[in-house]
Amino acid sequence: MFGASTTPVRLSATDRTRANTVYDHWAQSIDSYEQSVQVSAFSSKFDAFLKGTYTLSADEMAGFRLFDGKGNCNSCHLDGRGTTLKSGQTDTSTAAMVNPLFTCFGSANEGVPLNPGNAFYYETTPDAFGFTPNPYGFGYRDLGLGTFLRSGFGSGANPNQTWTQFAPTVDGQMQVSSARDVAMTPPQCPTTEAPGPYFQKGFFHNGYIKSLKQLVHFYNTRDKYAYPVTSGHCPAGTTEKVDCWPMPEVKNNIDMTTGNLGLTDQEENQIVVFLQTLTDGFTRPYPNIDTFTGTCMSGGSAKTQGNEFLIPTPPLPPCASAICDVAPVPGPKPIP
Ligand code: HEC
């Protein structure tokens, strides 16, 4: 690209400095906006609990303990406390002196199945601008951090070539999202969970998971109910997302610290209740400037929420060579 030039727009030294300064100020203004109380409000129940102005309910507290303990969530979604993985272990850590952000800013492959409901798989022909988002159709695979290190399809350039060699060790890894505000909804539809009235969200990088109950159940039982099928093809007698999890989109580098946590149904619910304490607006309500004009969903169960919209994944062609044949290629086993 650009005939190998890193400065394809020809500018005098003075003008380049001016342009760079404008970009620096642009980034700094986004940074201050993100740090401002408008975005980083720290006004959730959990923040009030940390300040000693709110007492967690019994279920919220149990969920917090599970988040740090049996659920092992805290090892990636840092909540400012120690992790207590063994049963009966007591937490002797002291709370962090910063507002916990519920992410370690690392990356992991949680083994999320391919979601055939994503429009991207069908965007295979040029749009009004002549741009084709995904020429590979179902040959597309999201290798996450691996594609970034290869400066691959759809990714910006990896700024450090010495990292490229590590791509096969991180294929399928996505950035650890913050768990803050994961349950945030418009006020008309106060929850993400059926029977509601609820606001339908899509969780994880491809929106495959449709409720927080399903999200926690996935971490809990991904490996217990693993089937070698794609979404929409769970065997008769099983229910997708309840006792059948389709295979991961990318099988390499799966995080094995989760997947079979042994949580009970009630413990899963307690973690969901805890996640709901992370929603901003509890101590200081937000002005609701973007009024939601749609309608809430209602009925059904959070366990199977959204299953009525499952579609069978078509037979998958092999991973497109523009994605999976870029050196250093995924391995040790190739991506199917
Ligand atoms: C090994 C690291 C790791 C562990 C342990 C872990 N997560 Fe995550 N979490 C991730 C990653 C990576 C993502 C983003 C995954 C994706 O988008 O595919 C994520 C995403 C999330 C999200 C955000 C979803 C969204 O769409 O906004 C929530 C909520 C969450 N995890 C909760 C939990 C809970 C609850 C547990 C414990 C039962 C847990 N996580 C354990 C790595 C981890």
# chains A, B, ... in the order shown; residues from 1 in each chain; ligands from 1
$ residues_around --residues "Phe166 in chain A" --least-positions-apart "4" --cutoff "12 Å" --atoms "only C-alpha atoms" --output "list of chain:residue names"
A:Leu145, A:Gly146, A:Thr147, A:Phe148, A:Leu149, A:Arg150, A:Asn158, A:Asn160, A:Gln161, A:Thr162, A:Val170, A:Asp171, A:Asn253, A:Ala327, A:Pro328, A:Val329, A:Pro330, A:Gly331
$ residues_around --residues "Gly259 in chain A" --least-positions-apart "2" --cutoff "12 Å" --atoms "only C-alpha atoms" --output "list in words"
Lys70, Gly71, Asn72, Cys73, Asn109, Glu110, Gly111, Val112, Leu215, Val216, His217, Phe218, Tyr219, Asn220, Thr221, Arg222, Asp223, Lys224, Tyr225, Ala226, Trp245, Pro248, Ile254, Asp255, Met256, Thr257, Leu261, Gly262 and Leu263 of chain A
$ select_by_dssp --residues "range 59-294 of chain A" --states "helix (DSSP H, G or I)" --output "PyMOL selection string"
chain A and resi 59-68+73-75+119-122+137-139+145-149+161-170+212-221+265-278
$ closest_atom_pairs --of "range 99-141 of chain A" --to "range 230-244 of chain A" --cutoff "9 Å" --atoms "only C-alpha atoms" --output "CSV"
residue,atom,partner,partner_atom,distance
A:Pro113,CA,A:Ser231,CA,7.0
A:Leu114,CA,A:Ser231,CA,7.1
A:Asn115,CA,A:Ser231,CA,7.0
A:Pro116,CA,A:Ser231,CA,7.4
$ residues_around --residues "range 92-104 of chain A" --least-positions-apart "6" --cutoff "10 Å" --atoms "only C-alpha atoms" --output "NGL selection string"
:A and (40 or 42 or 47 or 50 or 73-84 or 175-180 or 278)
$ closest_residue --among "A:Arg65, A:Lys86, A:His205, A:Arg10" --to "Met174 in chain A" --atoms "only C-alpha atoms"
A:His205
$ closest_residue --among "A:Glu267, A:Asp290, A:Asp59, A:Asp280" --to "ligand 1" --atoms "only C-alpha atoms and all ligand atoms"
A:Glu267
$ closest_residue --among "A:Thr313, A:Ser12, A:Ser321, A:Gln270" --to "ligand 1" --atoms "only C-alpha atoms and all ligand atoms"
A:Gln270
$ closest_residue --among "A:Gly137, A:Gly117, A:Gly154, A:Gly144" --to "ligand 1" --atoms "only C-alpha atoms and all ligand atoms"
A:Gly144
$ closest_residue --among "A:Ala128, A:Ile271, A:Ala13, A:Ile323" --to "ligand 1" --atoms "only C-alpha atoms and all ligand atoms"
A:Ile271
$ select_by_dssp --residues "range 178-273 of chain A" --states "strand (DSSP E or B)" --output "ChimeraX atom specification"
/A:191,198,203,209,226,240,244-245,254
$ closest_residue --among "A:Gly172, A:Gly281, A:Gly196, A:Pro228" --to "Val39 in chain A" --atoms "only C-alpha atoms"
A:Gly281
